[in-house]
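Structure below is my_file_15.cif: mmCIF, C-alpha atoms.
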```cif
data_input
#
loop_
_atom_site.label_atom_id
_atom_site.label_comp_id
_atom_site.auth_asym_id
_atom_site.auth_seq_id
_atom_site.Cartn_x
_atom_site.Cartn_y
_atom_site.Cartn_z
CA MET A 25 96.02 139.87 104.27
CA ILE A 26 93.56 142.45 105.59
CA GLN A 27 90.75 141.20 107.81
CA SER A 28 87.39 141.53 106.06
CA PRO A 29 84.99 143.81 107.98
CA ASP A 30 81.84 141.86 106.96
CA ARG A 31 83.01 138.54 108.34
CA PRO A 32 80.10 136.53 109.82
CA VAL A 33 80.12 134.83 113.21
CA TYR A 34 79.74 131.30 111.82
CA PHE A 35 81.25 129.54 108.83
CA TYR A 36 80.08 126.29 107.29
CA LYS A 37 81.97 123.52 105.54
CA TYR A 38 80.18 120.84 103.51
CA LYS A 39 81.68 117.34 103.76
CA TYR A 40 80.82 113.66 103.44
CA ILE A 41 82.11 110.37 104.81
CA ASP A 42 84.15 108.41 102.30
CA GLN A 43 83.24 104.77 102.91
CA ALA A 44 86.67 103.68 101.67
CA ALA A 45 88.53 106.03 104.02
CA PRO A 46 86.27 107.17 106.91
CA GLU A 47 89.34 108.16 108.94
CA HIS A 48 89.65 111.29 106.81
CA SER A 49 86.36 112.49 108.29
CA SER A 50 86.93 111.08 111.75
CA ARG A 51 90.01 113.24 112.37
CA ILE A 52 87.86 116.38 112.14
CA PHE A 53 86.10 115.29 115.33
CA THR A 54 88.75 113.21 117.12
CA HIS A 55 91.80 115.38 116.37
CA ASN A 56 90.21 118.79 115.62
CA GLU A 57 91.84 118.67 112.24
CA LEU A 58 91.01 120.18 108.84
CA HIS A 59 92.91 119.46 105.65
CA PHE A 60 94.18 122.33 103.48
CA CYS A 61 94.43 121.41 99.79
CA THR A 62 95.98 123.12 96.75
CA ALA A 63 94.28 124.87 93.84
CA ASP A 64 94.91 121.79 91.67
CA ASP A 65 92.52 119.83 93.90
CA PHE A 66 89.51 122.06 93.13
CA ASN A 67 86.72 120.85 90.85
CA ASP A 68 86.69 124.14 88.95
CA PRO A 69 89.54 124.41 86.37
CA PHE A 70 89.08 128.18 86.31
CA ASP A 71 89.76 128.54 90.04
CA CYS A 72 92.87 130.63 90.81
CA ARG A 73 93.35 131.56 87.13
CA PHE A 74 94.71 135.04 86.35
CA ARG A 75 96.40 137.24 83.75
CA VAL A 76 99.92 138.58 84.08
CA GLU A 77 101.01 142.09 83.12
CA LEU A 78 104.58 143.46 83.17
CA ILE A 79 104.06 147.19 83.32
CA GLY A 80 106.74 149.39 84.87
CA SER A 81 109.95 151.33 84.34
CA ASP A 82 113.12 149.86 82.80
CA ASP A 83 114.73 149.80 86.25
CA GLU A 84 111.76 147.89 87.72
CA LYS A 85 111.92 145.38 84.87
CA LEU A 86 115.64 144.88 85.44
CA LYS A 87 115.20 144.28 89.17
CA PHE A 88 112.37 141.86 88.51
CA CYS A 89 114.48 139.90 86.02
CA GLU A 90 117.35 139.70 88.50
CA LYS A 91 115.02 138.31 91.17
CA LEU A 92 113.47 135.82 88.75
CA LEU A 93 116.79 134.59 87.39
CA LYS A 94 118.33 134.32 90.85
CA GLY A 95 115.47 132.10 91.91
CA GLN A 96 116.07 129.85 88.92
CA ASP A 97 119.86 129.66 89.25
CA SER A 98 121.43 130.56 92.61
CA SER A 99 124.95 129.83 91.30
CA LEU A 100 125.05 133.04 89.24
CA ASN A 101 127.40 135.71 90.59
CA GLY A 102 126.48 139.39 90.59
CA GLN A 103 128.03 140.18 87.22
CA GLN A 104 126.52 137.14 85.51
CA LEU A 105 123.13 137.86 87.04
CA ARG A 106 123.21 141.47 85.85
CA ALA A 107 124.19 140.50 82.31
CA LYS A 108 121.46 137.89 81.99
CA ALA A 109 118.89 140.25 83.52
CA ILE A 110 119.70 143.00 81.00
CA GLN A 111 119.35 140.52 78.15
CA PHE A 112 116.10 139.07 79.47
CA SER A 113 114.49 142.43 80.32
CA ALA A 114 114.80 143.50 76.67
CA TYR A 115 112.36 140.74 75.74
CA LEU A 116 110.20 140.95 78.86
CA ASN A 117 107.03 142.03 77.06
CA SER A 118 107.22 139.32 74.42
CA HIS A 119 104.60 136.56 74.42
CA ASP A 120 107.11 133.88 75.40
CA SER A 121 108.44 135.93 78.32
CA LYS A 122 104.95 136.68 79.65
CA LYS A 123 104.09 133.01 79.37
CA MET A 124 107.19 132.03 81.35
CA VAL A 125 106.46 134.61 84.06
CA GLN A 126 102.84 133.45 84.27
CA GLU A 127 103.86 129.81 84.57
CA ALA A 128 106.23 130.71 87.39
CA ALA A 129 103.43 132.60 89.16
CA ILE A 130 101.04 129.67 88.68
CA GLN A 131 103.58 127.34 90.27
CA GLU A 132 103.92 129.71 93.21
CA VAL A 133 100.15 129.95 93.76
CA GLY A 134 100.01 126.15 93.50
CA THR A 135 102.17 125.79 96.62
CA TYR A 136 99.63 127.52 98.92
CA GLY A 137 97.34 125.53 101.20
CA ILE A 138 93.66 126.50 100.97
CA CYS A 139 90.60 125.63 103.07
CA CYS A 140 87.14 126.68 101.85
CA PHE A 141 84.07 127.71 103.86
CA SER A 142 80.68 129.28 103.23
CA LYS A 143 78.43 131.77 104.99
CA VAL A 144 75.37 129.61 104.30
CA ARG A 145 74.34 126.21 105.62
CA ASP A 146 71.20 125.48 103.61
CA ASN A 147 72.23 125.92 99.97
CA ILE A 148 70.83 122.96 98.04
CA LEU A 149 73.49 123.19 95.31
CA MET A 150 76.34 123.06 97.81
CA TRP A 151 74.74 120.11 99.55
CA ALA A 152 74.58 118.40 96.16
CA HIS A 153 78.13 119.33 95.02
CA TYR A 154 80.16 119.00 98.21
CA ALA A 155 78.13 116.74 100.51
CA ASN A 156 77.68 113.71 98.24
CA ALA A 157 74.21 114.61 96.94
CA HIS A 158 72.87 115.48 100.42
CA ARG A 159 74.24 112.23 101.92
CA GLY A 160 76.99 114.07 103.77
CA PHE A 161 77.12 116.65 106.54
CA CYS A 162 77.89 120.30 107.15
CA LEU A 163 80.22 121.57 109.86
CA GLU A 164 79.44 124.75 111.81
CA PHE A 165 82.45 126.73 113.02
CA LEU A 166 82.52 129.71 115.34
CA VAL A 167 85.09 132.20 114.10
CA GLU A 168 86.50 134.51 116.73
CA PRO A 169 86.89 138.27 116.10
CA LYS A 170 90.57 138.03 117.03
CA PRO A 171 92.76 134.91 116.98
CA ARG A 172 93.99 133.66 120.34
CA ARG A 173 97.71 133.08 120.53
CA GLU A 174 97.42 129.66 122.09
CA TYR A 175 95.62 128.27 119.05
CA GLU A 176 96.68 127.98 115.43
CA ILE A 177 93.97 129.94 113.64
CA LEU A 178 94.33 131.31 110.14
CA GLU A 179 92.36 134.39 109.19
CA PRO A 180 89.37 133.75 106.86
CA HIS A 181 89.01 136.02 103.82
CA ARG A 182 86.01 136.71 101.61
CA VAL A 183 86.14 135.45 98.03
CA LYS A 184 85.34 137.99 95.31
CA TYR A 185 83.47 137.07 92.15
CA SER A 186 84.14 138.39 88.66
CA ASP A 187 83.46 137.80 84.95
CA LYS A 188 87.13 138.36 84.12
CA TYR A 189 90.38 136.96 85.42
CA PRO A 190 92.19 139.15 87.96
CA VAL A 191 95.24 140.95 86.56
CA VAL A 192 98.55 140.61 88.38
CA ASN A 193 101.34 143.07 87.59
CA ARG A 194 104.44 141.11 88.57
CA LEU A 195 106.61 144.23 88.52
CA HIS A 196 104.59 145.83 91.32
CA ASP A 197 102.42 143.22 93.02
CA THR A 198 104.07 141.36 95.89
CA ASP A 199 103.73 137.62 96.41
CA LYS A 200 101.12 138.42 99.05
CA VAL A 201 99.07 140.47 96.58
CA LEU A 202 99.46 137.69 94.01
CA ALA A 203 97.87 135.24 96.46
CA GLU A 204 95.05 137.66 97.35
CA LYS A 205 94.12 138.39 93.74
CA THR A 206 94.27 134.80 92.53
CA ILE A 207 93.17 132.55 95.39
CA LEU A 208 90.42 134.94 96.50
CA THR A 209 88.79 135.49 93.07
CA LYS A 210 86.33 133.13 91.37
CA ALA A 211 83.89 133.22 88.45
CA ASN A 212 80.56 134.96 89.00
CA GLN A 213 78.73 131.68 88.44
CA TRP A 214 79.91 130.57 91.90
CA LYS A 215 78.61 133.65 93.68
CA TYR A 216 75.79 131.70 95.35
CA GLU A 217 78.40 129.89 97.47
CA GLU A 218 79.24 133.06 99.45
CA GLU A 219 82.66 131.55 99.97
CA TRP A 220 85.43 132.48 102.39
CA ARG A 221 88.89 130.94 102.39
CA MET A 222 91.78 130.40 104.74
CA VAL A 223 95.15 130.49 102.99
CA ASP A 224 98.42 129.07 104.28
CA PRO A 225 101.56 130.16 102.39
CA ASN A 226 103.44 127.26 104.01
CA GLY A 227 101.54 124.78 101.89
CA PRO A 228 98.78 122.15 102.07
CA GLY A 229 98.26 119.59 104.79
CA PRO A 230 96.45 119.12 108.12
CA HIS A 231 95.71 122.07 110.41
CA GLN A 232 94.43 121.84 113.95
CA PHE A 233 91.75 124.11 115.36
CA SER A 234 90.54 124.71 118.90
CA SER A 235 87.93 122.17 119.97
CA ARG A 236 85.45 124.85 121.01
CA LEU A 237 85.36 126.37 117.50
CA LEU A 238 83.42 123.40 116.10
CA THR A 239 79.94 124.14 117.46
CA GLY A 240 77.59 122.09 115.29
CA VAL A 241 77.08 119.32 112.74
CA ILE A 242 74.20 119.30 110.27
CA PHE A 243 73.20 115.89 108.88
CA GLY A 244 72.15 115.88 105.23
CA CYS A 245 68.57 114.98 104.34
CA ARG A 246 69.78 111.73 102.70
CA MET A 247 72.51 110.90 105.18
CA PRO A 248 72.53 107.20 106.16
CA GLU A 249 71.77 106.48 109.80
CA ASN A 250 75.02 104.57 110.27
CA HIS A 251 76.99 107.64 109.16
CA LYS A 252 75.13 109.79 111.67
CA LYS A 253 76.04 107.26 114.36
CA MET A 254 79.69 107.32 113.29
CA ILE A 255 79.86 111.08 113.81
CA ARG A 256 78.13 110.88 117.18
CA ASP A 257 80.60 108.18 118.25
CA TRP A 258 83.58 110.24 117.07
CA CYS A 259 82.32 113.16 119.14
CA LYS A 260 81.89 111.25 122.41
CA ASP A 261 85.31 112.13 123.81
CA ARG A 262 85.51 115.72 122.58
CA GLU A 263 86.59 118.40 125.07
CA THR A 264 83.59 120.49 124.03
CA THR A 265 80.19 119.34 122.83
CA VAL A 266 78.64 119.96 119.45
CA GLU A 267 74.98 120.53 118.59
CA TYR A 268 73.37 118.19 116.08
CA TYR A 269 70.99 119.38 113.37
CA GLU A 270 69.43 117.84 110.32
CA ALA A 271 68.39 119.20 106.95
CA GLN A 272 64.81 118.56 105.86
CA LEU A 273 63.11 119.24 102.53
CA SER A 274 60.63 122.07 102.65
CA ASP A 275 56.98 121.16 102.09
CA ASP A 276 56.22 124.04 99.74
CA SER A 277 59.43 125.40 98.19
CA TYR A 278 62.80 124.39 96.75
CA SER A 279 64.58 124.88 100.05
CA LEU A 280 65.91 123.13 103.12
CA LYS A 281 64.92 123.53 106.75
CA ILE A 282 67.67 123.11 109.36
CA ILE A 283 66.18 121.73 112.56
CA PRO A 284 67.57 120.14 115.77
CA ALA A 285 68.35 116.45 115.23
CA GLN A 286 66.52 113.80 117.20
#
```
This entry written out as structure tokens:
Amino acid sequence: MIQSPDRPVYFYKYKYIDQAAPEHSSRIFTHNELHFCTADDFNDPFDCRFRVELIGSDDEKLKFCEKLLKGQDSSLNGQQLRAKAIQFSAYLNSHDSKKMVQEAAIQEVGTYGICCFSKVRDNILMWAHYANAHRGFCLEFLVEPKPRREYEILEPHRVKYSDKYPVVNRLHDTDKVLAEKTILTKANQWKYEEEWRMVDPNGPGPHQFSSRLLTGVIFGCRMPENHKKMIRDWCKDRETTVEYYEAQLSDDSYSLKIIPAQ
């Protein structure tokens, strides 16, 4: 994926401590670990949705069918594969064929690991949605201009917003383009999130980051004091220190102030 030229210096991730499983949060601070999820884990059922088109020459359709069929049945020899591909390509533009191709593409997108960030740290809706109604916290990450080889850092990419699903032409678009169009496109209603995403084609799971990239923690305006203490305790043995902030309600507007924590 191409590096976005308007990438900010800091990214923010809204979280909260799950009382039933606080270790999920603790590993962020004690093991420098973030969890990458799949599209199925998102709260928005429209996320990563797309439309499939099959526009191309007869030869391109035939090659695509051969690739698709080979992936479904590796036991086919060359002659069998060719025969089935010719038969299938004749019906490639039918509704049932498009549906099958789309379902295969959805399954492929569903195998990617995704981690979501935002450019903003004081959005009251995001605090409500992702930080347990302002009872959680927000992580501040420094994102380097160029990844260092000694650390495992995935490149962040800006999410685009649209009123319509992205269109993927499976005869031309590569698997990489499929991921870019689907994972990095959301409905316009989410535009306020100013979201960026890291995408791992190897799948979901834990990813480690360099200790020095986590530079700050913002406590939510309703965050319990014992949760604040838990985070401070988790950070005691970190290689690098973090700055603590807290969100406060503004006195005269529907907004939050981010100030140094006491």
Pick from A:Pro180, A:Pro248, A:Gly240, A:Gly137 nearest to A:Pro228, counting all atoms listed in the file: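 The closest residue to A:Pro228 is A:Gly137.
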Ground truth for the PyMOL selection byres ((chain A and resi 150) around 12), written as number ranges by chain: A: 36-40, 141-149, 151-162, 214-219, 244, 280
Within 12 Å of A:Tyr269 using only C-alpha atoms, minus same-chain residues under 4 positions, as a PyMOL selection string: chain A and resi 145-146+161-164+239-245+247+252+256+281-286
Spatial neighbours of A:Lys188, 10 Å, all atoms listed in the file, chain gap at least 2 places, as a PyMOL selection string: chain A and resi 73-75+185-186+190-191+209-212
Limited to C-alpha atoms, could you put the picked residues into a file as an mmCIF file, in the coordinates of the input?
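Writing done, so here's out_25.cif:
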```cif
data_model
loop_
_atom_site.group_PDB
_atom_site.id
_atom_site.type_symbol
_atom_site.label_atom_id
_atom_site.label_comp_id
_atom_site.auth_asym_id
_atom_site.auth_seq_id
_atom_site.Cartn_x
_atom_site.Cartn_y
_atom_site.Cartn_z
ATOM 1 C CA ARG A 73 93.350 131.560 87.130
ATOM 2 C CA PHE A 74 94.710 135.040 86.350
ATOM 3 C CA ARG A 75 96.400 137.240 83.750
ATOM 4 C CA TYR A 185 83.470 137.070 92.150
ATOM 5 C CA SER A 186 84.140 138.390 88.660
ATOM 6 C CA PRO A 190 92.190 139.150 87.960
ATOM 7 C CA VAL A 191 95.240 140.950 86.560
ATOM 8 C CA THR A 209 88.790 135.490 93.070
ATOM 9 C CA LYS A 210 86.330 133.130 91.370
ATOM 10 C CA ALA A 211 83.890 133.220 88.450
ATOM 11 C CA ASN A 212 80.560 134.960 89.000
#
```
Expansion of the PyMOL selection byres ((chain A and resi 84) around 12) into residues, as a PDB file with C-alpha atoms, in the frame of the given file:
```pdb
ATOM      1  CA  LEU A  78     104.580 143.460  83.170  1.00  0.00           C
ATOM      2  CA  ILE A  79     104.060 147.190  83.320  1.00  0.00           C
ATOM      3  CA  GLY A  80     106.740 149.390  84.870  1.00  0.00           C
ATOM      4  CA  SER A  81     109.950 151.330  84.340  1.00  0.00           C
ATOM      5  CA  ASP A  82     113.120 149.860  82.800  1.00  0.00           C
ATOM      6  CA  ASP A  83     114.730 149.800  86.250  1.00  0.00           C
ATOM      7  CA  LYS A  85     111.920 145.380  84.870  1.00  0.00           C
ATOM      8  CA  LEU A  86     115.640 144.880  85.440  1.00  0.00           C
ATOM      9  CA  LYS A  87     115.200 144.280  89.170  1.00  0.00           C
ATOM     10  CA  PHE A  88     112.370 141.860  88.510  1.00  0.00           C
ATOM     11  CA  CYS A  89     114.480 139.900  86.020  1.00  0.00           C
ATOM     12  CA  GLU A  90     117.350 139.700  88.500  1.00  0.00           C
ATOM     13  CA  LYS A  91     115.020 138.310  91.170  1.00  0.00           C
ATOM     14  CA  ALA A 109     118.890 140.250  83.520  1.00  0.00           C
ATOM     15  CA  ILE A 110     119.700 143.000  81.000  1.00  0.00           C
ATOM     16  CA  SER A 113     114.490 142.430  80.320  1.00  0.00           C
ATOM     17  CA  LEU A 116     110.200 140.950  78.860  1.00  0.00           C
ATOM     18  CA  ASN A 193     101.340 143.070  87.590  1.00  0.00           C
ATOM     19  CA  ARG A 194     104.440 141.110  88.570  1.00  0.00           C
ATOM     20  CA  LEU A 195     106.610 144.230  88.520  1.00  0.00           C
ATOM     21  CA  HIS A 196     104.590 145.830  91.320  1.00  0.00           C
ATOM     22  CA  ASP A 197     102.420 143.220  93.020  1.00  0.00           C
TER      23      ASP A 197
END
```
Explicit residue set for the PyMOL selection byres ((chain A and resi 133) around 8), as JSON, numbers by chain: {"A": [63, 72, 129, 130, 131, 132, 134, 135, 136, 202, 203, 206, 207]}
For atom CA of A:Phe66 and atom CA of A:Trp220, the interatomic separation in Å (one decimal): 14.5 Å
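Taking atom CA of A:Trp258 and atom CA of A:Asp224 as endpoints, the distance between them is 27.2 Å.
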Atomic distance atom CA of A:Phe35 - atom CA of A:Tyr268, expressed in Å with one decimal: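 Atom-to-atom, atom CA of A:Phe35 and atom CA of A:Tyr268 are spaced 15.6 Å apart.
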Expected answer as an NGL selection string: all residues with atoms within 7 Å of (86.0, 125.0, 115.2), all atoms listed in the file: :A and (165-166 or 233-239)
Selected residue of minimal separation from A:Asp187 among A:Thr62, A:Asn101, A:Ser121, A:Phe70, counting only C-alpha atoms: A:Phe70
Using all atoms listed in the file: which of A:Asp30, A:Glu179, A:Glu47, A:Asp275 has the shortest distance to A:Ile255: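 Using all atoms listed in the file, A:Ile255 sits closest to A:Glu47.
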Counting only C-alpha atoms, the residue of A:Glu249, A:Asp257, A:Asp65, A:Asp199 that sits nearest A:Pro225: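 Of the candidates, the smallest distance to A:Pro225 is held by A:Asp199.
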Please identify all polymer residues lying at most 6 Å from the point (93.7, 116.6, 109.5) (file coordinates), using only C-alpha atoms, and present the result as a short mmCIF file (atom, residue, chain, number, x, y, z; two decimals) with C-alpha atoms, keeping the file's coordinate frame.
```cif
data_model
loop_
_atom_site.label_atom_id
_atom_site.label_comp_id
_atom_site.auth_asym_id
_atom_site.auth_seq_id
_atom_site.Cartn_x
_atom_site.Cartn_y
_atom_site.Cartn_z
CA ARG A 51 90.01 113.24 112.37
CA GLU A 57 91.84 118.67 112.24
CA LEU A 58 91.01 120.18 108.84
CA HIS A 59 92.91 119.46 105.65
CA PRO A 230 96.45 119.12 108.12
CA HIS A 231 95.71 122.07 110.41
#
```
